[in-house]
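Asker: Dropping in coords.txt, with compact mmCIF, C-alpha atoms.
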```
# COMPACT_ATOMS: atom_id res chain seq x y z
CA MET A 1 -44.24 2.72 -23.72
CA ALA A 2 -42.53 0.13 -25.89
CA ALA A 3 -41.25 -3.05 -24.27
CA PRO A 4 -37.48 -2.52 -24.77
CA ARG A 5 -37.76 0.95 -23.34
CA THR A 6 -39.21 -0.27 -20.07
CA LEU A 7 -36.69 -3.09 -19.91
CA PHE A 8 -33.66 -0.83 -20.08
CA ALA A 9 -34.97 2.64 -19.39
CA ASN A 10 -36.51 1.84 -16.01
CA PRO A 11 -33.38 0.61 -14.21
CA VAL A 12 -31.35 3.44 -15.73
CA ARG A 13 -33.95 6.00 -14.70
CA GLU A 14 -34.08 4.47 -11.23
CA LEU A 15 -30.30 4.79 -10.95
CA GLY A 16 -30.49 8.40 -12.11
CA ARG A 17 -33.19 9.18 -9.56
CA ALA A 18 -31.16 7.60 -6.78
CA LEU A 19 -28.14 9.65 -7.80
CA VAL A 20 -30.10 12.92 -7.95
CA PHE A 21 -31.59 12.08 -4.55
CA LEU A 22 -28.11 11.49 -3.11
CA LEU A 23 -26.68 14.69 -4.60
CA THR A 24 -29.61 16.67 -3.24
CA ALA A 25 -29.06 15.21 0.22
CA ILE A 26 -25.32 15.97 0.08
CA SER A 27 -25.80 19.50 -1.28
CA ARG A 28 -28.11 20.35 1.63
CA MET A 29 -25.74 18.85 4.18
CA ARG A 30 -25.26 20.98 7.26
CA LEU A 31 -23.37 20.05 10.39
CA THR A 32 -25.12 21.92 13.14
CA ARG A 33 -25.10 20.68 16.74
CA LEU A 34 -28.63 19.41 16.32
CA GLN A 35 -27.62 17.47 13.21
CA ILE A 36 -24.69 15.83 14.99
CA ALA A 37 -26.89 14.84 17.94
CA GLU A 38 -29.46 13.39 15.55
CA THR A 39 -26.73 11.48 13.69
CA LEU A 40 -25.52 10.04 16.99
CA ARG A 41 -29.09 8.98 17.80
CA GLN A 42 -29.25 7.21 14.46
CA VAL A 43 -25.90 5.53 15.16
CA TYR A 44 -27.60 4.19 18.28
CA PHE A 45 -30.70 2.99 16.42
CA THR A 46 -28.84 1.40 13.53
CA GLY A 47 -25.50 0.46 15.10
CA VAL A 48 -26.01 -0.35 18.75
CA ARG A 49 -29.28 -2.13 18.07
CA SER A 50 -27.52 -4.35 15.49
CA LEU A 51 -24.79 -5.39 17.94
CA VAL A 52 -26.49 -8.58 19.13
CA ILE A 53 -26.99 -10.03 15.64
CA ILE A 54 -23.49 -8.93 14.56
CA VAL A 55 -21.78 -10.49 17.59
CA THR A 56 -23.76 -13.73 17.33
CA CYS A 57 -23.23 -14.13 13.59
CA GLY A 58 -19.58 -13.06 13.81
CA PHE A 59 -18.83 -15.68 16.43
CA PHE A 60 -20.42 -18.52 14.49
CA VAL A 61 -18.91 -17.41 11.18
CA GLY A 62 -15.46 -17.47 12.81
CA LEU A 63 -16.20 -20.87 14.32
CA VAL A 64 -17.43 -22.54 11.14
CA LEU A 65 -14.82 -20.86 8.92
CA THR A 66 -12.06 -22.18 11.17
CA LEU A 67 -13.67 -25.62 11.34
CA GLN A 68 -13.89 -25.95 7.57
CA THR A 69 -10.49 -24.51 6.69
CA TYR A 70 -8.76 -26.42 9.49
CA ASP A 71 -10.27 -29.67 8.24
CA THR A 72 -9.17 -28.94 4.66
CA LEU A 73 -5.71 -27.64 5.56
CA THR A 74 -4.83 -30.62 7.76
CA ARG A 75 -5.27 -32.86 4.68
CA PHE A 76 -2.32 -30.97 3.18
CA GLY A 77 -0.44 -30.94 6.47
CA ALA A 78 -0.85 -27.18 6.75
CA GLY A 79 -3.16 -26.91 9.76
CA ASP A 80 -1.04 -24.12 11.21
CA ALA A 81 -2.03 -21.85 8.33
CA VAL A 82 -5.61 -21.78 9.62
CA SER A 83 -5.21 -18.40 11.33
CA THR A 84 -3.84 -16.86 8.12
CA VAL A 85 -6.82 -18.07 6.10
CA LEU A 86 -9.24 -16.97 8.83
CA ALA A 87 -7.83 -13.46 9.19
CA LEU A 88 -7.33 -12.77 5.49
CA SER A 89 -10.76 -13.96 4.39
CA LEU A 90 -12.40 -12.11 7.29
CA PHE A 91 -10.63 -8.79 6.92
CA ARG A 92 -10.74 -8.68 3.15
CA GLU A 93 -14.14 -10.10 2.30
CA LEU A 94 -16.38 -11.78 4.84
CA GLY A 95 -16.30 -9.08 7.53
CA PRO A 96 -17.40 -6.15 5.37
CA VAL A 97 -19.79 -8.11 3.11
CA LEU A 98 -21.62 -10.15 5.75
CA THR A 99 -21.84 -7.23 8.16
CA THR A 100 -23.38 -4.99 5.51
CA ILE A 101 -25.91 -7.59 4.44
CA LEU A 102 -26.88 -8.20 8.09
CA PHE A 103 -27.01 -4.42 8.58
CA ALA A 104 -29.36 -4.09 5.60
CA GLY A 105 -31.66 -6.70 7.11
CA ARG A 106 -31.55 -5.34 10.62
CA ALA A 107 -31.22 -1.56 10.22
CA GLY A 108 -31.73 -0.76 6.52
CA THR A 109 -35.23 -2.19 6.52
CA SER A 110 -36.26 -0.17 9.56
CA ILE A 111 -34.89 3.04 8.01
CA THR A 112 -36.86 2.37 4.82
CA ALA A 113 -40.05 1.51 6.69
CA GLU A 114 -39.67 4.53 8.98
CA ILE A 115 -39.21 7.04 6.16
CA GLY A 116 -41.82 5.31 4.01
CA LEU A 117 -44.39 5.55 6.83
CA MET A 118 -43.43 9.17 7.44
CA ARG A 119 -44.26 9.76 3.80
CA ALA A 120 -47.50 7.76 4.03
CA THR A 121 -48.66 9.55 7.17
CA GLU A 122 -47.63 12.92 5.69
CA GLN A 123 -45.12 13.66 8.41
CA LEU A 124 -42.58 14.69 5.78
CA ASP A 125 -45.07 17.22 4.38
CA ALA A 126 -45.72 18.44 7.91
CA LEU A 127 -41.99 19.08 8.40
CA ASP A 128 -41.93 20.94 5.09
CA LEU A 129 -44.83 23.11 6.24
CA MET A 130 -42.93 23.96 9.42
CA ALA A 131 -40.06 25.10 7.20
CA ILE A 132 -37.89 22.18 8.36
CA ASP A 133 -36.17 20.54 5.42
CA PRO A 134 -36.87 16.79 5.72
CA MET A 135 -33.83 16.08 3.53
CA GLU A 136 -31.69 17.74 6.13
CA ARG A 137 -33.53 16.57 9.22
CA ILE A 138 -34.48 12.99 8.28
CA VAL A 139 -32.32 11.76 5.39
CA GLN A 140 -28.94 13.25 6.18
CA PRO A 141 -28.46 11.91 9.75
CA ARG A 142 -29.39 8.41 8.57
CA LEU A 143 -26.94 8.58 5.69
CA LEU A 144 -24.11 9.72 7.95
CA ALA A 145 -25.02 7.21 10.65
CA GLY A 146 -24.69 4.32 8.19
CA ILE A 147 -21.21 5.48 7.16
CA ILE A 148 -20.19 5.53 10.83
CA ALA A 149 -22.08 2.47 12.08
CA VAL A 150 -21.15 -0.09 9.41
CA PRO A 151 -17.33 0.21 9.78
CA ALA A 152 -17.79 0.07 13.56
CA LEU A 153 -19.92 -3.06 13.22
CA VAL A 154 -17.38 -4.60 10.83
CA LEU A 155 -14.68 -4.14 13.48
CA VAL A 156 -16.88 -5.80 16.12
CA PHE A 157 -17.73 -8.60 13.67
CA ASN A 158 -14.05 -9.21 12.91
CA VAL A 159 -13.08 -9.33 16.58
CA THR A 160 -15.82 -11.80 17.48
CA ALA A 161 -15.08 -13.95 14.42
CA ILE A 162 -11.38 -14.08 15.33
CA PHE A 163 -12.45 -14.99 18.85
CA GLY A 164 -14.61 -17.78 17.40
CA GLY A 165 -11.56 -18.95 15.47
CA VAL A 166 -9.45 -18.95 18.63
CA VAL A 167 -12.10 -20.96 20.46
CA PHE A 168 -12.17 -23.64 17.76
CA ALA A 169 -8.51 -23.79 16.73
CA VAL A 170 -6.76 -23.16 20.04
CA PHE A 171 -9.18 -24.49 22.65
CA LEU A 172 -10.77 -27.37 20.75
CA MET A 173 -8.15 -28.43 18.18
CA GLY A 174 -5.07 -27.63 20.25
CA VAL A 175 -3.29 -25.33 17.78
CA ASP A 176 -0.48 -23.59 19.65
CA PRO A 177 -1.67 -20.04 20.50
CA ASN A 178 1.73 -18.52 19.68
CA THR A 179 1.69 -20.19 16.26
CA PHE A 180 -1.89 -19.05 15.75
CA TRP A 181 -1.22 -15.36 16.46
CA GLY A 182 2.31 -15.44 15.01
CA ASN A 183 1.16 -16.75 11.63
CA MET A 184 -1.65 -14.21 11.58
CA GLN A 185 0.67 -11.31 12.37
CA ALA A 186 3.25 -12.51 9.86
CA SER A 187 0.86 -12.82 6.94
CA VAL A 188 -1.72 -10.05 7.38
CA GLU A 189 -0.60 -6.64 6.17
CA LEU A 190 -2.03 -3.75 8.14
CA GLY A 191 -2.23 -1.43 5.13
CA ARG A 192 -3.34 -3.66 2.32
CA ASP A 193 -5.38 -6.38 3.94
CA PHE A 194 -6.85 -4.76 7.02
CA MET A 195 -7.25 -1.15 5.92
CA GLY A 196 -8.36 -2.30 2.47
CA GLY A 197 -11.21 -4.12 4.22
CA MET A 198 -12.05 -1.02 6.22
CA ILE A 199 -12.23 1.08 3.03
CA LYS A 200 -14.74 -1.47 1.79
CA ALA A 201 -16.66 -1.18 5.06
CA VAL A 202 -17.00 2.60 4.65
CA ALA A 203 -18.08 2.20 1.02
CA PHE A 204 -20.64 -0.48 1.92
CA GLY A 205 -21.97 1.55 4.85
CA PHE A 206 -22.53 4.44 2.50
CA LEU A 207 -24.19 2.17 -0.06
CA ALA A 208 -26.46 0.45 2.47
CA SER A 209 -27.72 3.66 4.07
CA TRP A 210 -28.10 5.42 0.73
CA LEU A 211 -30.29 2.61 -0.64
CA ALA A 212 -32.29 2.41 2.61
CA VAL A 213 -33.17 6.12 2.70
CA TYR A 214 -33.73 6.23 -1.06
CA TYR A 215 -36.26 3.39 -1.08
CA GLY A 216 -37.99 4.84 1.97
CA TRP A 217 -38.11 8.31 0.42
CA THR A 218 -39.54 7.08 -2.90
CA ALA A 219 -41.91 4.45 -1.43
CA ARG A 220 -45.49 4.68 -2.60
CA PRO A 221 -47.45 6.07 0.37
CA THR A 222 -49.50 2.91 0.95
CA SER A 223 -48.93 -0.08 3.20
CA GLU A 224 -48.13 -2.15 0.11
CA GLY A 225 -45.69 0.47 -1.11
CA VAL A 226 -43.81 0.49 2.19
CA ALA A 227 -43.68 -3.31 2.25
CA LEU A 228 -42.30 -3.37 -1.31
CA ALA A 229 -39.74 -0.68 -0.55
CA THR A 230 -38.48 -2.61 2.50
CA THR A 231 -37.99 -5.73 0.40
CA GLN A 232 -36.24 -3.75 -2.32
CA THR A 233 -33.82 -2.29 0.22
CA VAL A 234 -32.57 -5.72 1.23
CA ILE A 235 -32.39 -7.06 -2.33
CA ALA A 236 -30.71 -3.97 -3.77
CA THR A 237 -28.21 -3.75 -0.90
CA ALA A 238 -27.25 -7.43 -1.14
CA ILE A 239 -26.76 -7.29 -4.92
CA SER A 240 -24.95 -3.97 -5.07
CA VAL A 241 -22.68 -4.80 -2.11
CA LEU A 242 -21.55 -8.02 -3.80
CA LEU A 243 -21.04 -6.18 -7.10
CA VAL A 244 -19.13 -3.28 -5.56
CA ASP A 245 -17.14 -5.78 -3.47
CA PHE A 246 -15.90 -7.47 -6.62
CA ILE A 247 -14.94 -4.15 -8.20
CA LEU A 248 -13.14 -2.91 -5.07
CA SER A 249 -11.32 -6.23 -4.65
CA ALA A 250 -10.19 -6.13 -8.27
CA ILE A 251 -8.88 -2.57 -7.83
CA MET A 252 -7.14 -3.22 -4.53
CA LEU A 253 -5.46 -6.56 -5.27
CA MET B 254 -38.08 4.79 25.79
CA LYS B 255 -34.63 5.97 26.68
CA SER B 256 -33.91 9.64 27.06
CA SER B 257 -31.89 11.25 24.29
CA HIS B 258 -29.02 11.79 26.72
CA GLN B 259 -28.82 8.05 27.42
CA ILE B 260 -29.01 7.24 23.73
CA GLU B 261 -26.12 9.55 22.88
CA PHE B 262 -24.11 8.05 25.74
CA THR B 263 -24.73 4.49 24.52
CA ALA B 264 -23.82 5.49 20.96
CA GLY B 265 -20.59 6.97 22.31
CA ILE B 266 -19.79 3.73 24.16
CA PHE B 267 -20.47 1.82 20.95
CA LEU B 268 -17.99 3.97 19.01
CA LEU B 269 -15.37 3.58 21.76
CA LEU B 270 -15.90 -0.19 21.56
CA ALA B 271 -15.29 -0.01 17.81
CA ILE B 272 -12.07 1.97 18.32
CA ALA B 273 -10.92 -0.60 20.89
CA ALA B 274 -11.66 -3.33 18.33
CA LEU B 275 -9.66 -1.41 15.72
CA VAL B 276 -6.64 -1.12 18.00
CA PHE B 277 -6.87 -4.76 19.06
CA LEU B 278 -7.06 -6.03 15.47
CA ALA B 279 -4.31 -3.71 14.22
CA VAL B 280 -1.88 -4.71 16.97
CA GLN B 281 -2.76 -8.34 17.60
CA ALA B 282 -3.91 -9.65 14.22
CA THR B 283 -1.76 -7.81 11.65
CA ASP B 284 1.88 -6.91 11.08
CA GLY B 285 1.13 -3.44 12.49
CA GLY B 286 1.92 -4.58 16.01
CA ALA B 287 5.48 -5.64 15.25
CA ALA B 288 6.14 -2.41 13.33
CA MET B 289 4.78 -0.32 16.21
CA ARG B 290 6.88 -2.09 18.83
CA GLY B 291 9.94 -1.37 16.67
CA GLU B 292 11.96 -4.11 18.33
CA SER B 293 13.89 -5.12 15.26
CA TYR B 294 16.93 -4.25 13.19
CA GLU B 295 17.86 -4.42 9.52
CA LEU B 296 20.46 -6.50 7.71
CA VAL B 297 21.23 -6.46 4.00
CA ALA B 298 22.62 -9.17 1.76
CA ASP B 299 23.45 -9.22 -1.96
CA PHE B 300 22.50 -12.23 -4.02
CA SER B 301 23.28 -12.78 -7.69
CA ASN B 302 19.81 -14.31 -8.09
CA VAL B 303 16.91 -14.25 -5.63
CA GLY B 304 14.73 -16.63 -7.67
CA GLY B 305 11.15 -16.39 -6.46
CA LEU B 306 11.87 -14.73 -3.12
CA LYS B 307 9.21 -12.18 -2.21
CA PRO B 308 9.00 -9.37 0.33
CA ARG B 309 7.65 -10.65 3.70
CA ALA B 310 9.21 -14.07 3.13
CA ALA B 311 10.61 -15.69 6.27
CA VAL B 312 14.18 -15.33 7.49
CA SER B 313 15.10 -18.25 9.69
CA MET B 314 18.06 -19.70 11.47
CA GLY B 315 18.14 -23.36 12.44
CA GLY B 316 14.53 -23.63 11.25
CA VAL B 317 13.30 -20.96 13.65
CA ARG B 318 11.76 -17.84 12.14
CA ILE B 319 13.67 -14.81 13.37
CA GLY B 320 12.60 -12.14 10.89
CA SER B 321 11.23 -11.37 7.46
CA VAL B 322 12.31 -9.93 4.12
CA GLU B 323 11.58 -6.20 4.09
CA ARG B 324 12.32 -5.36 0.46
CA ILE B 325 14.22 -6.61 -2.58
CA GLU B 326 15.84 -4.24 -5.06
CA LEU B 327 18.57 -4.28 -7.67
CA ASN B 328 21.90 -2.87 -6.52
CA PRO B 329 22.69 -0.44 -9.39
CA ASP B 330 26.48 -0.77 -8.94
CA THR B 331 26.91 -4.53 -8.89
CA PHE B 332 23.65 -5.52 -10.65
CA GLU B 333 23.03 -7.94 -7.85
CA ALA B 334 19.77 -8.25 -5.95
CA ARG B 335 19.94 -6.46 -2.61
CA VAL B 336 17.69 -8.03 0.00
CA THR B 337 16.88 -6.06 3.15
CA MET B 338 15.82 -8.21 6.08
CA ARG B 339 14.19 -7.18 9.33
CA ILE B 340 15.39 -9.31 12.24
CA SER B 341 13.78 -9.45 15.66
CA GLU B 342 15.74 -7.55 18.32
CA ARG B 343 15.82 -10.71 20.45
CA TYR B 344 18.41 -12.13 18.08
CA ASN B 345 20.81 -9.19 18.07
CA ASP B 346 24.05 -11.11 18.50
CA LEU B 347 24.32 -13.04 15.22
CA PRO B 348 28.02 -13.53 14.41
CA GLU B 349 29.54 -11.18 11.85
CA ASP B 350 30.43 -14.02 9.48
CA THR B 351 26.89 -15.40 9.35
CA SER B 352 26.03 -16.68 5.87
CA ALA B 353 22.70 -16.38 4.09
CA SER B 354 21.21 -18.68 1.46
CA ILE B 355 17.90 -18.70 -0.34
CA LEU B 356 16.15 -21.99 0.29
CA THR B 357 12.83 -23.52 -0.64
CA ALA B 358 10.43 -25.01 1.89
CA GLY B 359 9.66 -28.41 0.39
CA ILE B 360 9.45 -28.91 -3.37
CA LEU B 361 6.60 -26.52 -4.05
CA GLY B 362 6.94 -24.36 -0.96
CA ASP B 363 7.75 -20.69 -0.61
CA GLN B 364 11.30 -19.49 -0.78
CA TYR B 365 12.87 -18.15 2.38
CA ILE B 366 16.27 -17.02 3.61
CA GLY B 367 18.18 -19.42 5.80
CA LEU B 368 20.93 -17.96 7.97
CA GLU B 369 23.87 -20.10 9.04
CA PRO B 370 25.85 -18.79 12.02
CA GLY B 371 29.60 -18.34 11.72
CA GLY B 372 32.18 -18.32 14.51
CA SER B 373 33.15 -14.69 14.81
CA PRO B 374 32.80 -13.09 18.25
CA GLU B 375 31.76 -9.78 16.63
CA PRO B 376 27.95 -9.47 16.20
CA LEU B 377 26.13 -8.02 13.18
CA ARG B 378 24.76 -4.53 13.83
CA ASP B 379 21.77 -2.67 12.41
CA GLY B 380 22.36 -1.95 8.70
CA ASP B 381 25.30 -4.36 8.36
CA ALA B 382 25.69 -6.54 5.27
CA ILE B 383 25.92 -10.31 5.24
CA LEU B 384 28.88 -11.02 2.97
CA ILE B 385 28.69 -14.77 2.44
CA THR B 386 25.57 -15.49 0.40
CA GLN B 387 24.28 -18.31 -1.73
CA SER B 388 21.72 -17.60 -4.43
CA ALA B 389 18.47 -19.36 -5.09
CA VAL B 390 18.59 -22.59 -7.02
CA VAL B 391 16.79 -21.94 -10.27
CA LEU B 392 15.26 -25.18 -11.46
CA GLU B 393 15.59 -24.34 -15.18
CA GLN B 394 19.33 -23.74 -14.83
CA LEU B 395 19.72 -26.96 -12.90
CA ILE B 396 17.93 -28.94 -15.58
CA SER B 397 19.86 -27.36 -18.45
CA ARG B 398 23.15 -28.04 -16.68
CA TYR B 399 22.13 -31.67 -16.20
CA LEU B 400 21.18 -32.03 -19.88
CA PHE B 401 24.41 -30.34 -20.98
CA ASN B 402 26.53 -32.64 -18.86
CA THR B 403 24.94 -35.86 -20.15
CA ASP B 404 25.45 -34.59 -23.72
CA GLY B 405 29.15 -34.24 -23.13
CA GLU B 406 29.66 -37.83 -21.98
```
For this file, write the structure as structure tokens.
Answerer:
Amino acid sequence: MAAPRTLFANPVRELGRALVFLLTAISRMRLTRLQIAETLRQVYFTGVRSLVIIVTCGFFVGLVLTLQTYDTLTRFGAGDAVSTVLALSLFRELGPVLTTILFAGRAGTSITAEIGLMRATEQLDALDLMAIDPMERIVQPRLLAGIIAVPALVLVFNVTAIFGGVVFAVFLMGVDPNTFWGNMQASVELGRDFMGGMIKAVAFGFLASWLAVYYGWTARPTSEGVALATTQTVIATAISVLLVDFILSAIML
Amino acid sequence: MKSSHQIEFTAGIFLLLAIAALVFLAVQATDGGAAMRGESYELVADFSNVGGLKPRAAVSMGGVRIGSVERIELNPDTFEARVTMRISERYNDLPEDTSASILTAGILGDQYIGLEPGGSPEPLRDGDAILITQSAVVLEQLISRYLFNTDGE
């Protein structure tokens, strides 16, 4: 193989493989009762188990975001606008992006490692032998669960971050609570700002779970291969989420 | 290890929590709450020039915010800008001869509509028009008028 070919052909081929993998998973999608129950189990393993990190990070992000913007805004005599800045930056950008990156670290890695080890220990082949399609039984519930869990986690993240903002601005800095909520309600549009953020959350959830199952599925069946795939999940999710975030923001604004 | 029944139950609780968060954020932290409560009424006013007024700008009386600009469109008959305002239901007895002017908050601030109460005992009702209006001050026009006047002297 010539050098330029590997430089450009490999990422393109990788993208093509990931796309074929996704289309295969979607084409074999079936919503039986068993599948729904398995999806719900995966929502538990990826979503509920991520709650602690999401709540903790959300609270401190809200706290520090309010601290920094309040400090800057008071220099311009606009301290009351702190709730507007907090809510807009959270709903539009920080909520979806940070939640997805945390999700990739907390849940994406474990999905990749789980599927990678299933491959390494030939459990996927065993399912195949029992005439159970591993695409349908293993990949599909995890894909769906990510699309459900990430928007749910984004909502929890946003609520705790707003709560962190209230704690700092209202309880510590003495911003009038009516001004705080009033400014927020007056300047945040339900359709464009809030729902736009939730569209992002669904897109990111899809992206994060797709990459996690893909890297697990294609991991080399060795301990090194699984370790590498886990790392790649986090890196690929972080980069592609930030890239897609820019594109979605540009479209929606 | 939890039983699968327990896991499904916890996942269900988690999703309910997310829905509660959605409702809370939509009602408490966005403009959705005010729209859902529906406690407001509309007034219209025609201005010959709205300047930089934008939808969602504040409508205030005596410095207190009482509503916001809903939409701005051109009245096809008079070629004036028709501004529709949404006023909180709490202030439903503004006098009929209330006047509206487009003002600027500070030198670089946003433009907003300031209402000045009149003396009429009749209140404005939903959909009524404010007849006495004063357009936005456009800085370029002000400057050109000033230059023109000094030339003439």
Asker: How close does each residue of chain B get to chain A, giving the shortest atom pair and distance in Å to one decimal for every residue with an atom at most 10 Å away, counting only C-alpha atoms, sorted by chain and residue number, as CSV?
Answerer:
```
residue,atom,partner,partner_atom,distance
B:Ser257,CA,A:Arg41,CA,7.4
B:His258,CA,A:Arg41,CA,9.4
B:Gln259,CA,A:Arg41,CA,9.7
B:Ile260,CA,A:Arg41,CA,6.2
B:Glu261,CA,A:Arg41,CA,5.9
B:Phe262,CA,A:Leu40,CA,9.1
B:Thr263,CA,A:Tyr44,CA,6.9
B:Ala264,CA,A:Tyr44,CA,4.8
B:Gly265,CA,A:Leu40,CA,7.9
B:Ile266,CA,A:Val48,CA,9.2
B:Phe267,CA,A:Val48,CA,6.3
B:Leu268,CA,A:Ala152,CA,6.7
B:Leu269,CA,A:Ala152,CA,9.2
B:Leu270,CA,A:Val156,CA,7.9
B:Ala271,CA,A:Ala152,CA,4.9
B:Ile272,CA,A:Ala152,CA,7.7
B:Ala273,CA,A:Leu155,CA,9.0
B:Ala274,CA,A:Leu155,CA,5.8
B:Leu275,CA,A:Leu155,CA,6.1
B:Val276,CA,A:Leu155,CA,9.7
B:Phe277,CA,A:Val159,CA,8.1
B:Leu278,CA,A:Val159,CA,7.0
B:Ala279,CA,A:Leu190,CA,6.5
B:Val280,CA,A:Gln185,CA,8.4
B:Gln281,CA,A:Gln185,CA,6.9
B:Ala282,CA,A:Gln185,CA,5.2
B:Thr283,CA,A:Gln185,CA,4.3
B:Asp284,CA,A:Gln185,CA,4.7
B:Gly285,CA,A:Leu190,CA,5.4
B:Gly286,CA,A:Gln185,CA,7.8
B:Ala287,CA,A:Gln185,CA,8.0
B:Ala288,CA,A:Leu190,CA,9.8
B:Arg309,CA,A:Ala186,CA,7.8
B:Ala310,CA,A:Ala186,CA,9.1
B:Ala311,CA,A:Ala186,CA,8.8
B:Gly320,CA,A:Ala186,CA,9.4
B:Ser321,CA,A:Ala186,CA,8.4
```
Asker: May I have the residues within 10 Å of Asp299 of chain B as JSON, numbers by chain, using only C-alpha atoms and disregarding those fewer than 4 positions away in the same chain?
Answerer: {"B": [303, 325, 326, 327, 328, 331, 332, 333, 334, 335, 336, 337, 353, 382, 383, 384, 385, 386, 387, 388]}
Asker: Mind pulling up the distance from atom CA of Asp346 of chain B to atom CA of Glu323 of chain B?
Answerer: 19.7 Å
Asker: Grab the atom CA of Val85 of chain A to atom CA of Arg318 of chain B distance for me, in Å with one decimal place.
Answerer: 19.5 Å
Asker: Any idea what the distance is between atom CA of Glu136 of chain A and atom CA of Val97 of chain A?
Answerer: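 Pair atom CA of Glu136 of chain A / atom CA of Val97 of chain A returns 28.6 Å.
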Asker: Between A:Ala201, A:Arg220, A:Arg119, A:Leu248, single out the one closest to Pro134 of chain A, counting only C-alpha atoms.
Answerer: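 Among the listed residues, the smallest separation from Pro134 of chain A belongs to A:Arg119.
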Asker: So which residues fall inside 12 Å of (-34.7, 2.7, 8.2) if we count all atoms listed in the file? Mind giving them as a VMD selection string?
Answerer: chain A and resid 42 to 43 45 to 47 103 to 118 138 to 139 141 to 143 145 to 146 208 to 217 226 229 to 231 233 to 234
Asker: Between A:Val167, A:Val52, A:Leu228, A:Ala250, which residue has the minimum interatomic distance to Leu102 of chain A, considering only C-alpha atoms?
Answerer: A:Val52
Asker: From the set A:Ile53, A:Met252, A:Leu22, A:Val12, which residue has the shortest atom-to-atom contact distance to Gly197 of chain A, counting all atoms listed in the file?
Answerer: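 Among the listed residues, the smallest separation from Gly197 of chain A belongs to A:Met252.
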Asker: Starting from the point (13.2, -6.4, 15.1), work out which residues of protein, DNA or RNA have an atom no more than 7 Å away when counting only C-alpha atoms; state them as a compact mmCIF listing (two decimals) with C-alpha atoms, in the frame of the given file.
Answerer:
```txt
# COMPACT_ATOMS: atom_id res chain seq x y z
CA GLY B 291 9.94 -1.37 16.67
CA GLU B 292 11.96 -4.11 18.33
CA SER B 293 13.89 -5.12 15.26
CA TYR B 294 16.93 -4.25 13.19
CA ARG B 339 14.19 -7.18 9.33
CA ILE B 340 15.39 -9.31 12.24
CA SER B 341 13.78 -9.45 15.66
CA GLU B 342 15.74 -7.55 18.32
```
Asker: Env of Ile251 of chain A: 12 Å cut, atoms = all atoms listed in the file, seq-sep filter 4 positions within chain, self excluded. Answer as a list in words.
Answerer: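 Answer for this query is Arg192, Gly196, Ile199, Lys200, Val244, Asp245, Phe246 and Ile247 of chain A.
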Asker: Which one of A:Met130, A:Ile36, A:Ala169, A:Ala120 sits closest to Thr74 of chain A if you count all atoms listed in the file?
Answerer: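 Comparing A:Met130, A:Ile36, A:Ala169, A:Ala120 against Thr74 of chain A, the winner is A:Ala169.
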